[in-house]
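Student: The structure file query-v4.csv (CSV, C-alpha atoms) is provided below.
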chain,number,residue,atom,x,y,z
A,1,MET,CA,46.4,-115.2,-86.3
A,2,LEU,CA,45.2,-112.6,-88.8
A,3,LEU,CA,42.0,-114.5,-89.4
A,4,THR,CA,41.3,-114.7,-85.7
A,5,LEU,CA,41.8,-110.9,-85.3
A,6,GLN,CA,39.6,-110.2,-88.3
A,7,ILE,CA,36.8,-112.4,-86.8
A,8,VAL,CA,37.2,-110.6,-83.4
A,9,LEU,CA,37.0,-107.3,-85.3
A,10,ILE,CA,33.8,-108.2,-87.1
A,11,ILE,CA,32.2,-109.5,-83.9
A,12,THR,CA,33.2,-106.5,-81.8
A,13,SER,CA,32.1,-104.1,-84.6
A,14,VAL,CA,28.6,-105.6,-84.5
A,15,LEU,CA,28.5,-105.6,-80.7
A,16,LEU,CA,29.7,-102.0,-80.6
A,17,VAL,CA,26.9,-100.8,-83.0
A,18,VAL,CA,24.3,-102.7,-80.9
A,19,LEU,CA,25.6,-101.3,-77.6
A,20,ILE,CA,25.7,-97.8,-78.9
A,21,LEU,CA,22.1,-98.1,-80.1
A,22,LEU,CA,21.0,-99.4,-76.7
A,23,GLN,CA,22.3,-96.4,-74.8
A,24,ARG,CA,19.8,-93.8,-73.7
A,25,SER,CA,20.2,-90.5,-75.5
A,26,ARG,CA,20.7,-87.6,-73.2
A,27,GLY,CA,21.2,-84.6,-75.4
A,28,GLY,CA,18.8,-85.0,-78.2
A,29,GLY,CA,21.2,-84.5,-81.1
A,30,LEU,CA,20.3,-86.3,-84.3
A,31,THR,CA,17.7,-88.5,-82.6
A,32,SER,CA,15.4,-85.5,-81.9
A,33,LEU,CA,15.9,-84.4,-85.6
A,34,PHE,CA,14.3,-87.7,-86.8
A,35,GLY,CA,11.6,-87.8,-84.2
A,36,GLY,CA,13.4,-89.7,-81.5
A,37,GLY,CA,13.3,-86.9,-78.9
A,38,VAL,CA,10.2,-88.3,-77.2
A,39,GLN,CA,11.0,-90.0,-73.9
A,40,SER,CA,10.2,-93.7,-73.9
A,41,SER,CA,8.5,-95.4,-71.0
A,42,LEU,CA,10.5,-98.5,-71.7
A,43,SER,CA,13.8,-97.0,-70.4
A,44,GLY,CA,15.6,-99.0,-67.8
A,45,SER,CA,17.2,-98.2,-64.5
A,46,ALA,CA,20.3,-96.1,-63.9
A,47,ALA,CA,22.3,-99.2,-63.1
A,48,ALA,CA,21.5,-100.8,-66.4
A,49,ASP,CA,22.6,-97.6,-68.2
A,50,ARG,CA,25.9,-97.7,-66.3
A,51,ASN,CA,26.4,-101.3,-67.3
A,52,VAL,CA,25.7,-100.7,-70.9
A,53,SER,CA,28.2,-97.8,-70.9
A,54,ARG,CA,30.8,-100.0,-69.2
A,55,TYR,CA,30.3,-102.8,-71.7
A,56,THR,CA,30.5,-100.3,-74.6
A,57,VAL,CA,33.9,-99.0,-73.3
A,58,PHE,CA,35.1,-102.6,-72.8
A,59,VAL,CA,34.1,-103.7,-76.3
A,60,ALA,CA,35.5,-100.5,-77.8
A,61,LEU,CA,38.9,-101.2,-76.2
A,62,ILE,CA,38.9,-104.8,-77.6
A,63,TRP,CA,37.9,-103.3,-81.0
A,64,LEU,CA,40.8,-100.9,-80.9
A,65,ILE,CA,43.3,-103.6,-80.0
A,66,ALA,CA,42.0,-105.7,-82.9
A,67,VAL,CA,42.3,-102.9,-85.3
A,68,ILE,CA,45.9,-102.1,-84.3
A,69,GLY,CA,46.7,-105.8,-84.3
A,70,ASN,CA,45.3,-106.2,-87.8
A,71,GLY,CA,47.3,-103.2,-89.0
A,72,LEU,CA,50.5,-104.5,-87.5
A,73,LEU,CA,50.1,-108.0,-88.9
A,74,ILE,CA,49.1,-106.7,-92.4
A,75,SER,CA,52.1,-104.3,-92.5
A,76,ALA,CA,54.5,-106.9,-91.3
A,77,GLY,CA,53.5,-109.7,-93.6
Starting from the file, lay out its structure as structure tokens.
Tutor:
Amino acid sequence: MLLTLQIVLIITSVLLVVLILLQRSRGGGLTSLFGGGVQSSLSGSAAADRNVSRYTVFVALIWLIAVIGNGLLISAG
């Protein structure tokens, strides 16, 4: 069970990084500091942005459950 949760944690961690990087930046922040403040013509539609945000929240919840599960299994065993 612990191995399964660790594999889920690794997969969701990678997915979370990818999904966060796919999101469109709105405020500038650090991306404008490193030259990423220029608007791209490759940006998608508003529906695609909402879907990426929903997927990010869903994967983040799975990641959080996997982290808590790993912690409980390690502390119990």
Student: What is the CA of Val67 in chain A-CA of Leu16 in chain A distance in Å, reported with one decimal?
Tutor: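 A separation of 13.5 Å between them.
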Student: Have a look at CA of Ile20 in chain A and CA of Leu73 in chain A and let me know their distance in Å, one decimal.
Tutor: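 Result for CA of Ile20 in chain A versus CA of Leu73 in chain A: 28.3 Å, one decimal.
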Student: Point out the residue among A:Leu3, A:Val52, A:Val17, A:Val8 with the least atom-to-atom distance to Ile65 in chain A, counting only C-alpha atoms.
Tutor: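 When distances to Ile65 in chain A are compared using only C-alpha atoms, the smallest one comes from A:Val8.
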Student: What is the CA of Val59 in chain A to CA of Leu15 in chain A distance in Å?
Tutor: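 Straight-line distance from CA of Val59 in chain A to CA of Leu15 in chain A works out to 7.4 Å.
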Student: Determine, counting only C-alpha atoms, which protein, DNA and RNA residues have an atom within 12 Å of an atom of Gly77 in chain A; residues of the same chain fewer than 5 positions away are not included. Present the result as a list in words.
Tutor: Met1, Leu2, Asn70, Gly71 and Leu72 of chain A
Student: Could you write out the selected residues, including C-alpha atoms, as a PDB file, keeping the file's coordinate frame?
Tutor:
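Below you can see selection16.pdb, which holds the result:
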ATOM      1  CA  MET A   1      46.400-115.200 -86.300  1.00  0.00           C
ATOM      2  CA  LEU A   2      45.200-112.600 -88.800  1.00  0.00           C
ATOM      3  CA  ASN A  70      45.300-106.200 -87.800  1.00  0.00           C
ATOM      4  CA  GLY A  71      47.300-103.200 -89.000  1.00  0.00           C
ATOM      5  CA  LEU A  72      50.500-104.500 -87.500  1.00  0.00           C
TER       6      LEU A  72
END
Student: So, counting all atoms listed in the file, which residue among A:Val14, A:Ile74, A:Ala46, A:Leu5 is closest to Ala60 in chain A?
Tutor: A:Val14
